[in-house]
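Peer 1: Below you'll find the structure I mean.
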Amino acid sequence: MKTEWKQVGQAAQFATDLGGCVKVDDLHIAVFNLNNRKDWYAIENRCPHKAADVLSRGIVGDADGEPKVACPLHKRSFSLKSGECISDDEMGGVKAFEIKCEDGVVYLKLPLK
Amino acid sequence: MIKAATKKIVVVGNGMVGWKFCALLRQSDISANFEITVFGEEPRAAYDRVHLTAYFETRSADKLMMCPDNWYADNDIDLFLGDKIISIDRENRVVTSESGKQVEYDRLILATGSDAFVPPVDGIDKEGVFVYRTIEDLDKIIAYAKNCKTAAVLGGGLLGLEAARAAMDLGLDTEVIEFAQRLMPRQLDDKGAACLKQLIEAQGLGIQLNRATATIDGDGAVDKLTFTTGDSLDIDMLIVSAGIRPRDEVAKACGLEVGPRGGVVVNDSLQTSDACIYAIGEVALYNQMIYGLVAPGYTMAQVVVDQLAGVASSFTGADMSTKLKLIGTDVASFGNAFPSEGTFDTVELDEIASKGIYKKLFYSKDGTTLLGGILVGDATEYATLLMLYQNGGAIPDNPYDLIDPEKTGDSSGILAMDDDTKICTCENVSKGDIMDAIAGGAMTPSDIKVCTRAGAGCGGCMPMVTQLLHAKLKADGIEVNEDICEHFKYKRTELFDLVKQDGVKTYDELLGRHGSGLGCEICKPAVGSILASLWNEPVNDHASLQDTNDAFLANIQKNGSYSIIPRMSGGEVTAEKMIALGQIAKKYNLYVKLTGGQRVAMLGAKVEQLPIIWRELLDAGFESGQAYGKSLRTVKSCVGQSWCRFGVNDSTDLAVTIEERYKGLRSPHKLKSAVSGCVRECAEARSKDFGIIATEKGWDLFVCGNGGMTPQHGILLASDLSKEQVLLYIDRFLMYYIRTADRLTRTSVWFNNLEGGIEHLKDVIIKDSLGICDELEAAMRHHIDTYECDWARALKNDEYLTRFKPFVNTEDTDKTINFETVRKQIQPL
């Protein structure tokens, strides 16, 4: 599948050490920054547990060094790097997207329209 | 707001100690008596210079700041940055700053610290030579390093080694040049320093000892160091970290007594030779010593605050024991690491070659007391040894047990400590007392605190108490881990005490000082709650800590929409307000239902609608009901004596009073209450965290009930109380619970684990057996004085509200939130 880097906003628009959801066409993607906007991650916003579109509103942190977010509804933890569910072996993961922040602008690698 | 008869304090210097003085003064009871003006030389406000190396990783000065930018204004402190004081007129008590500002003072606090000592080596002023002291220095180093391949650091002490590691991280081949025969010559002996050198060289840093630099060479910019031995080292950059020099020039100029090698002379009260001028921190010379660590500086700041309050308090020197994580290596030195010949014996563990570990302890010749010690490569026993040293506690017959690798690890020889060893100095509790408590069934540090009173004073011994408990349980084959999560090796109560003691205001500060990693959904809300309970700052200032519902000041529903619940104190509301509520619910097509707490809930609001709807609610006279918080929820009531033929007292009035008093209070778990007007108990007060039932003579107060999954009736704390007594006891009860309960523990569970049960609780709350009631009442007064509705606070600040939208990159609404109609109202699809 062909992909391209798409600009999704200024780094300053995203609150520090929190998630924010971006909408690109029909995709809802949860964008996170850690270490005061130094590290950036992106995963799909929809939690596979009960299909709620809420992951961007979870608390970020790490477990054994793996950066993660805990879903605000039932606290399942997802790796921000791989999207894997790290707190529940039987739960599927979420898609992770490539993301970069250059010169204060945030880009996501998304499928070409 | 200036009141008459306030005294003017001017603080010269806005470093860590200068800031701490301001923080302590503003936190104290005498704060209102003092105006504070601060002059700082640097362009930015106080930051954590101790963790300066962290700046290389984060490149964020914000993370290092001691407090948020608005802290000074919020605390009525005039701060002038980039504007140092250049002269003091002691006769007229006026200071003059560089920009020409003149400020009068009643008392002057000198906290000018020190700057880097720059040795007078030929060529030291060339380009590419830096000192390592301020954020500006670091910015310059980072910029210059871009065009460098090699660097040298002049000075192999604490700071020099940190600077060297930073240079290495910037990608430069770095050498440390130390004048003395060993690294960290004041803290470590030959072997300890050799061990450290080995560990550091293993990380890729070069170390050169016994090196005196003759000249710094280069054409304009440095390119070489030439040593007194004649040989040279090619370098592109030089960082000078060869010591510090107190900034006493202004003091000297106005005639204050200074030491022969610098530093402003102070007495036990930290007064200089002018009684109206104090000196604290690295600029102060006490008993011919300059204290170059921040902890003694903070102690000095507290002594001066005490002096201003008229409380007898003096500085008698400070322990210079330190434990550092230096370049990923543990190094610790405590007590007297260089005792005089003939007064001591030693034990030593030399695993330098095999494991890079070296430990040495000095103890008295009669084998009773620890005099000092050095630990390199592994400093796990530091806390235990420091405690032993500070308390003069008796050491094991075989002192080697204290560092024996077979005996150490988590237990670290703690169990080998003599029973007489004092663990808690505030309450005079020995190790034996604690072991008795454990033998008697104490399973948690809280249990021990309750039985023995250890930790009931300053709480500083609690980590030690916990270690002792875990060691004993482990030795008995019982596994206990009460750490709150992987990021903090503490329980909630211990974290609470740490935050309170150290005056920590942010999660990042706590994580940096006492935690590890990036945090998680367990510790962030726990710390957020502690911060809120203690300091009551706006929740939105700590947005990244907030749990699911606090994050948007609304309860999230299963489809991502939210509920809105305004406060209705005592379950009472006027017709006018009901109409306003109804109109709002209709306008926004929200689902309406009454809650168990006797108030109205409206559900189905989207995140971007929250600020708009709350604006209308506030305009209609409502406040946040904080249904989203681990906080006080509601105080239910019956109509009582005002209306009811059976009522014997005004239950509605008391319920409203109580809810208005404690609204906004954040706690380890939610708090629910009720007031019933007679023995029929229509408000069900006995199933509440605290419940009040009217009697012929007054009120009966019941506590620690629960109506949830594990119902439990409240227990009678006191009977036939007046309204004033009820409020007094509830003040104390709530604050005691907030301080001592574990994370997410309701009062019922907390009570069930309370050793001594209701009798103990009565002793603490009614008889003040722990002597903490004044403090508890003051804490509640602080809560009441600083209360502000969460939503009113949030709506004042546009910055807070930028998060209240579904998407960052578009104003679109979230089309995945949909409803159907059931029983004539909306419901998630």
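If you're wondering about the labels, chains in the structure tokens are A, B, ... by order shown, residues count from 1 in each chain, ligands from 1 in order shown.
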Would you tabulate, counting only C-alpha atoms, all residues of chain B that have an atom at most 6 Å from an atom of chain A, showing the closest pair of atoms and their distance in Å to one decimal, sorted by chain then ascending number, as a tab-separated table?
Peer 2:
residue	atom	partner	partner_atom	distance
B:Leu518	CA	A:Gly61	CA	4.9
B:Gly519	CA	A:Gly61	CA	4.6
B:Cys520	CA	A:Gly61	CA	4.3
B:Glu521	CA	A:Ile59	CA	5.5
B:Ser544	CA	A:Leu18	CA	5.6
B:Thr548	CA	A:Pro72	CA	5.0
B:Asn559	CA	A:Ala52	CA	5.7
B:Phe807	CA	A:Cys21	CA	4.8
B:Val808	CA	A:Val22	CA	5.4
B:Asn809	CA	A:Val22	CA	5.5
Peer 1: Neighbours of B:Val539 within 8 Å (only C-alpha atoms; same-chain residues fewer than 6 positions away dropped), as number ranges by chain?
Peer 2: B: 532, 546, 550, 790
Peer 1: Residues as selected, N, CA and C atoms, written as a compact mmCIF listing (two decimals), in the first residue's frame, can you do that?
Peer 2:
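File written: out_8.txt
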# COMPACT_ATOMS: atom_id res chain seq x y z
N ALA B 532 -3.60 17.60 44.94
CA ALA B 532 -4.84 18.35 45.10
C ALA B 532 -5.20 18.46 46.58
N GLN B 546 -4.58 13.42 35.37
CA GLN B 546 -5.96 13.17 35.76
C GLN B 546 -6.49 11.84 35.26
N ASP B 550 -11.76 12.92 35.82
CA ASP B 550 -11.24 14.24 36.16
C ASP B 550 -10.67 14.94 34.94
N ASP B 790 -14.33 23.76 40.15
CA ASP B 790 -13.47 23.30 39.05
C ASP B 790 -13.85 23.94 37.73
Peer 1: Could you pull out the strand (DSSP E) residues of stretch 249-338 of chain B, going by DSSP on the backbone, and write them as a VMD selection string?
Peer 2: chain B and resid 264 to 266 277 to 279 284 to 286 289 to 290 322 to 326 329 to 335
Peer 1: Write out the residues from the selection above, keeping N, CA and C atoms, as an mmCIF file, in the first residue's frame.
Peer 2:
data_model
loop_
_atom_site.group_PDB
_atom_site.id
_atom_site.type_symbol
_atom_site.label_atom_id
_atom_site.label_comp_id
_atom_site.auth_asym_id
_atom_site.auth_seq_id
_atom_site.Cartn_x
_atom_site.Cartn_y
_atom_site.Cartn_z
ATOM 1 N N VAL B 264 29.823 34.509 53.213
ATOM 2 C CA VAL B 264 29.361 35.492 54.192
ATOM 3 C C VAL B 264 29.208 34.805 55.540
ATOM 4 N N VAL B 265 29.900 35.322 56.534
ATOM 5 C CA VAL B 265 29.904 34.680 57.854
ATOM 6 C C VAL B 265 28.514 34.790 58.499
ATOM 7 N N VAL B 266 28.016 33.680 59.010
ATOM 8 C CA VAL B 266 26.717 33.692 59.701
ATOM 9 C C VAL B 266 26.829 32.987 61.048
ATOM 10 N N ILE B 277 20.232 41.176 58.268
ATOM 11 C CA ILE B 277 20.554 40.491 57.014
ATOM 12 C C ILE B 277 20.933 39.039 57.303
ATOM 13 N N TYR B 278 20.257 38.129 56.602
ATOM 14 C CA TYR B 278 20.550 36.703 56.744
ATOM 15 C C TYR B 278 21.271 36.214 55.485
ATOM 16 N N ALA B 279 21.995 35.115 55.625
ATOM 17 C CA ALA B 279 22.598 34.499 54.434
ATOM 18 C C ALA B 279 22.341 32.999 54.495
ATOM 19 N N ALA B 284 26.665 31.201 52.263
ATOM 20 C CA ALA B 284 26.826 31.346 53.711
ATOM 21 C C ALA B 284 28.013 30.545 54.222
ATOM 22 N N LEU B 285 28.759 31.154 55.131
ATOM 23 C CA LEU B 285 29.916 30.482 55.730
ATOM 24 C C LEU B 285 29.578 30.253 57.198
ATOM 25 N N TYR B 286 29.315 29.003 57.568
ATOM 26 C CA TYR B 286 28.934 28.670 58.934
ATOM 27 C C TYR B 286 30.013 27.798 59.542
ATOM 28 N N MET B 289 32.541 26.566 57.296
ATOM 29 C CA MET B 289 32.158 25.632 56.236
ATOM 30 C C MET B 289 31.150 26.240 55.276
ATOM 31 N N ILE B 290 31.359 25.951 53.994
ATOM 32 C CA ILE B 290 30.342 26.306 52.979
ATOM 33 C C ILE B 290 29.627 24.999 52.666
ATOM 34 N N THR B 322 25.947 11.983 51.099
ATOM 35 C CA THR B 322 25.228 12.032 49.826
ATOM 36 C C THR B 322 25.246 10.687 49.160
ATOM 37 N N LYS B 323 24.169 10.469 48.435
ATOM 38 C CA LYS B 323 24.139 9.303 47.561
ATOM 39 C C LYS B 323 23.821 9.831 46.176
ATOM 40 N N LEU B 324 24.622 9.457 45.193
ATOM 41 C CA LEU B 324 24.438 9.990 43.853
ATOM 42 C C LEU B 324 24.359 8.884 42.839
ATOM 43 N N LYS B 325 23.640 9.176 41.775
ATOM 44 C CA LYS B 325 23.701 8.259 40.663
ATOM 45 C C LYS B 325 24.551 8.984 39.625
ATOM 46 N N LEU B 326 25.790 8.598 39.543
ATOM 47 C CA LEU B 326 26.729 9.324 38.724
ATOM 48 C C LEU B 326 27.049 8.488 37.506
ATOM 49 N N THR B 329 26.203 5.061 37.806
ATOM 50 C CA THR B 329 26.890 4.319 38.876
ATOM 51 C C THR B 329 26.481 4.882 40.223
ATOM 52 N N ASP B 330 26.221 4.014 41.191
ATOM 53 C CA ASP B 330 25.902 4.483 42.536
ATOM 54 C C ASP B 330 27.170 4.834 43.283
ATOM 55 N N VAL B 331 27.167 6.012 43.883
ATOM 56 C CA VAL B 331 28.301 6.412 44.725
ATOM 57 C C VAL B 331 27.716 7.033 45.983
ATOM 58 N N ALA B 332 28.165 6.631 47.147
ATOM 59 C CA ALA B 332 27.652 7.236 48.369
ATOM 60 C C ALA B 332 28.787 7.435 49.364
ATOM 61 N N SER B 333 28.643 8.500 50.126
ATOM 62 C CA SER B 333 29.645 8.804 51.143
ATOM 63 C C SER B 333 28.896 9.406 52.309
ATOM 64 N N PHE B 334 29.107 8.902 53.523
ATOM 65 C CA PHE B 334 28.386 9.462 54.653
ATOM 66 C C PHE B 334 29.295 9.534 55.863
ATOM 67 N N GLY B 335 28.877 10.402 56.798
ATOM 68 C CA GLY B 335 29.661 10.555 58.006
ATOM 69 C C GLY B 335 31.044 11.072 57.693
#
Peer 1: Could you give me, as a PyMOL selection string, the residues within 12 Å of B:Ser340, counting only C-alpha atoms and dropping anything in the same chain fewer than 3 positions from it?
Peer 2: chain B and resi 336-337+343-345+362-365+371-372
Peer 1: Export N, CA and C atoms of the chosen residues as a PDB file, in the first residue's frame?
Peer 2:
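Final output, again-v3.pdb:
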ATOM      1  N   ASN B 336      31.995  10.636  58.470  1.00  0.00           N
ATOM      2  CA  ASN B 336      33.372  11.063  58.283  1.00  0.00           C
ATOM      3  C   ASN B 336      34.101   9.984  57.497  1.00  0.00           C
ATOM      4  N   ALA B 337      34.305  10.264  56.200  1.00  0.00           N
ATOM      5  CA  ALA B 337      34.971   9.254  55.376  1.00  0.00           C
ATOM      6  C   ALA B 337      36.485   9.281  55.565  1.00  0.00           C
ATOM      7  N   THR B 343      41.551   6.317  65.651  1.00  0.00           N
ATOM      8  CA  THR B 343      40.261   6.391  66.348  1.00  0.00           C
ATOM      9  C   THR B 343      39.281   5.360  65.818  1.00  0.00           C
ATOM     10  N   PHE B 344      39.720   4.619  64.814  1.00  0.00           N
ATOM     11  CA  PHE B 344      38.711   3.784  64.177  1.00  0.00           C
ATOM     12  C   PHE B 344      39.265   2.456  63.696  1.00  0.00           C
ATOM     13  N   ASP B 345      38.332   1.569  63.430  1.00  0.00           N
ATOM     14  CA  ASP B 345      38.641   0.334  62.714  1.00  0.00           C
ATOM     15  C   ASP B 345      37.834   0.360  61.425  1.00  0.00           C
ATOM     16  N   PHE B 362      33.776   2.848  58.462  1.00  0.00           N
ATOM     17  CA  PHE B 362      34.653   3.216  59.571  1.00  0.00           C
ATOM     18  C   PHE B 362      33.822   3.140  60.844  1.00  0.00           C
ATOM     19  N   TYR B 363      34.305   2.439  61.854  1.00  0.00           N
ATOM     20  CA  TYR B 363      33.554   2.407  63.100  1.00  0.00           C
ATOM     21  C   TYR B 363      34.498   2.572  64.277  1.00  0.00           C
ATOM     22  N   SER B 364      33.907   2.947  65.416  1.00  0.00           N
ATOM     23  CA  SER B 364      34.719   3.268  66.584  1.00  0.00           C
ATOM     24  C   SER B 364      35.486   2.036  67.065  1.00  0.00           C
ATOM     25  N   LYS B 365      36.611   2.306  67.730  1.00  0.00           N
ATOM     26  CA  LYS B 365      37.463   1.206  68.164  1.00  0.00           C
ATOM     27  C   LYS B 365      36.758   0.259  69.124  1.00  0.00           C
ATOM     28  N   LEU B 371      31.156   5.475  62.174  1.00  0.00           N
ATOM     29  CA  LEU B 371      31.683   6.835  62.045  1.00  0.00           C
ATOM     30  C   LEU B 371      31.493   7.402  60.648  1.00  0.00           C
ATOM     31  N   GLY B 372      31.512   6.499  59.674  1.00  0.00           N
ATOM     32  CA  GLY B 372      31.374   6.979  58.305  1.00  0.00           C
ATOM     33  C   GLY B 372      31.539   5.837  57.338  1.00  0.00           C
TER      34      GLY B 372
END
Peer 1: Enter the distance from atom CA of B:Pro396 to atom CA of B:Phe338, in Å, rounded to one decimal.
Peer 2: 21.7 Å
Peer 1: Looking at only C-alpha atoms, which of B:Ala379, B:Ala167, B:Phe21, B:Ile484 is the one that sits closest to B:Val304?
Peer 2: B:Phe21
Peer 1: Tell me, in Å to one decimal, how far atom CA of B:Val347 is from atom CA of B:Leu196.
Peer 2: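 Answer for the atom CA of B:Val347 to atom CA of B:Leu196 separation: 18.7 Å.
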Peer 1: Compile the contact shell of B:Gly756 as a VMD selection string: residues with an atom at most 10 Å away, counting only C-alpha atoms, same-chain residues fewer than 4 positions apart removed.
Peer 2: chain B and resid 447 450 to 451 751 to 752 760 to 763
Peer 1: Can you write just those residues out, C-alpha atoms, as a PDB file, in the first residue's frame?
Peer 2:
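What follows is the written file selection_9.pdb:
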ATOM      1  CA  ASP B 447      -0.214  -0.864  61.256  1.00  0.00           C
ATOM      2  CA  VAL B 450      -0.632   3.076  64.573  1.00  0.00           C
ATOM      3  CA  CYS B 451       0.839   0.688  67.144  1.00  0.00           C
ATOM      4  CA  PHE B 751     -11.108   1.687  59.226  1.00  0.00           C
ATOM      5  CA  ASN B 752     -11.102  -2.096  59.140  1.00  0.00           C
ATOM      6  CA  HIS B 760      -7.860   4.558  68.390  1.00  0.00           C
ATOM      7  CA  LEU B 761      -9.857   6.783  66.066  1.00  0.00           C
ATOM      8  CA  LYS B 762     -11.575   8.434  69.035  1.00  0.00           C
ATOM      9  CA  ASP B 763      -8.201   8.962  70.682  1.00  0.00           C
TER      10      ASP B 763
END
Peer 1: Quick one: residues within 10 Å of B:Val129, only C-alpha atoms counted, chain neighbours fewer than 5 positions away excluded, as a list in words?
Peer 2: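 Selected residues are Gly123, Ile124, Lys140, Ile141, Tyr144, Ala151, Ala152, Val153, Ile216, Ala221, Val222, Asp236, Met237, Leu238, Ile239 and Val240 of chain B.
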Peer 1: Keeping only N, CA and C atoms, write the selected residues as a PDB file, in the first residue's frame.
Peer 2:
ATOM      1  N   GLY B 123      45.128  31.437  28.804  1.00  0.00           N
ATOM      2  CA  GLY B 123      44.311  30.970  27.683  1.00  0.00           C
ATOM      3  C   GLY B 123      42.906  30.565  28.085  1.00  0.00           C
ATOM      4  N   ILE B 124      42.580  30.751  29.358  1.00  0.00           N
ATOM      5  CA  ILE B 124      41.265  30.312  29.853  1.00  0.00           C
ATOM      6  C   ILE B 124      40.131  31.127  29.226  1.00  0.00           C
ATOM      7  N   LYS B 140      25.101  26.973  25.453  1.00  0.00           N
ATOM      8  CA  LYS B 140      26.327  27.339  24.716  1.00  0.00           C
ATOM      9  C   LYS B 140      27.136  26.091  24.402  1.00  0.00           C
ATOM     10  N   ILE B 141      27.234  25.203  25.380  1.00  0.00           N
ATOM     11  CA  ILE B 141      28.005  23.967  25.182  1.00  0.00           C
ATOM     12  C   ILE B 141      27.366  23.129  24.078  1.00  0.00           C
ATOM     13  N   TYR B 144      28.081  24.788  20.690  1.00  0.00           N
ATOM     14  CA  TYR B 144      29.483  24.709  20.275  1.00  0.00           C
ATOM     15  C   TYR B 144      29.876  23.284  19.934  1.00  0.00           C
ATOM     16  N   ALA B 151      36.646  16.720  23.557  1.00  0.00           N
ATOM     17  CA  ALA B 151      36.488  17.697  24.631  1.00  0.00           C
ATOM     18  C   ALA B 151      37.270  17.245  25.852  1.00  0.00           C
ATOM     19  N   ALA B 152      37.562  18.196  26.731  1.00  0.00           N
ATOM     20  CA  ALA B 152      38.167  17.859  28.011  1.00  0.00           C
ATOM     21  C   ALA B 152      37.390  18.592  29.091  1.00  0.00           C
ATOM     22  N   VAL B 153      37.364  17.988  30.286  1.00  0.00           N
ATOM     23  CA  VAL B 153      36.733  18.637  31.426  1.00  0.00           C
ATOM     24  C   VAL B 153      37.803  18.843  32.467  1.00  0.00           C
ATOM     25  N   ILE B 216      46.326  26.880  28.044  1.00  0.00           N
ATOM     26  CA  ILE B 216      45.251  26.483  27.125  1.00  0.00           C
ATOM     27  C   ILE B 216      45.566  27.158  25.807  1.00  0.00           C
ATOM     28  N   ALA B 221      40.335  30.262  19.228  1.00  0.00           N
ATOM     29  CA  ALA B 221      39.542  29.174  19.841  1.00  0.00           C
ATOM     30  C   ALA B 221      40.469  28.091  20.349  1.00  0.00           C
ATOM     31  N   VAL B 222      40.044  27.411  21.420  1.00  0.00           N
ATOM     32  CA  VAL B 222      40.921  26.395  22.032  1.00  0.00           C
ATOM     33  C   VAL B 222      41.122  25.219  21.076  1.00  0.00           C
ATOM     34  N   ASP B 236      38.809  20.157  21.144  1.00  0.00           N
ATOM     35  CA  ASP B 236      38.033  21.182  20.452  1.00  0.00           C
ATOM     36  C   ASP B 236      37.250  22.043  21.434  1.00  0.00           C
ATOM     37  N   MET B 237      37.037  21.520  22.646  1.00  0.00           N
ATOM     38  CA  MET B 237      36.224  22.255  23.618  1.00  0.00           C
ATOM     39  C   MET B 237      36.696  21.939  25.029  1.00  0.00           C
ATOM     40  N   LEU B 238      36.583  22.905  25.929  1.00  0.00           N
ATOM     41  CA  LEU B 238      36.993  22.688  27.317  1.00  0.00           C
ATOM     42  C   LEU B 238      35.876  23.141  28.246  1.00  0.00           C
ATOM     43  N   ILE B 239      35.530  22.254  29.178  1.00  0.00           N
ATOM     44  CA  ILE B 239      34.551  22.641  30.193  1.00  0.00           C
ATOM     45  C   ILE B 239      35.282  22.726  31.526  1.00  0.00           C
ATOM     46  N   VAL B 240      35.120  23.856  32.190  1.00  0.00           N
ATOM     47  CA  VAL B 240      35.831  24.063  33.450  1.00  0.00           C
ATOM     48  C   VAL B 240      34.902  23.771  34.617  1.00  0.00           C
TER      49      VAL B 240
END
Peer 1: Determine the nearest neighbour of A:Asn33 from the options A:Ala96, A:Met1, A:Asp89, A:Cys101, counting only C-alpha atoms.
Peer 2: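 The closest residue to A:Asn33 is A:Cys101.
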Peer 1: List the spatial neighbours of stretch 34-42 of chain B as number ranges by chain - criterion: any atom at most 8 Å away, only C-alpha atoms, same-chain residues fewer than 5 positions off excluded.
Peer 2: B: 2, 6-15, 22, 76-85, 97
Peer 1: Identify which of the residues B:Val376, B:Leu468, B:Ala694, B:Leu553 lies closest to B:Ser624, counting only C-alpha atoms when measuring atom-to-atom distances.
Peer 2: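 The closest residue to B:Ser624 is B:Leu553.
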Peer 1: Show me, as an MDAnalysis selection string, the residues that have an atom within 10 Å of B:Glu57 when counting only C-alpha atoms, minus same-chain residues fewer than 2 positions from it.
Peer 2: (chainID A and resid 35 38) or (chainID B and resid 52:55 59:60 166 169:170)
Peer 1: To one decimal place in Å, what is the distance between atom CA of A:Glu102 and atom CA of B:Arg44?
Peer 2: 26.6 Å
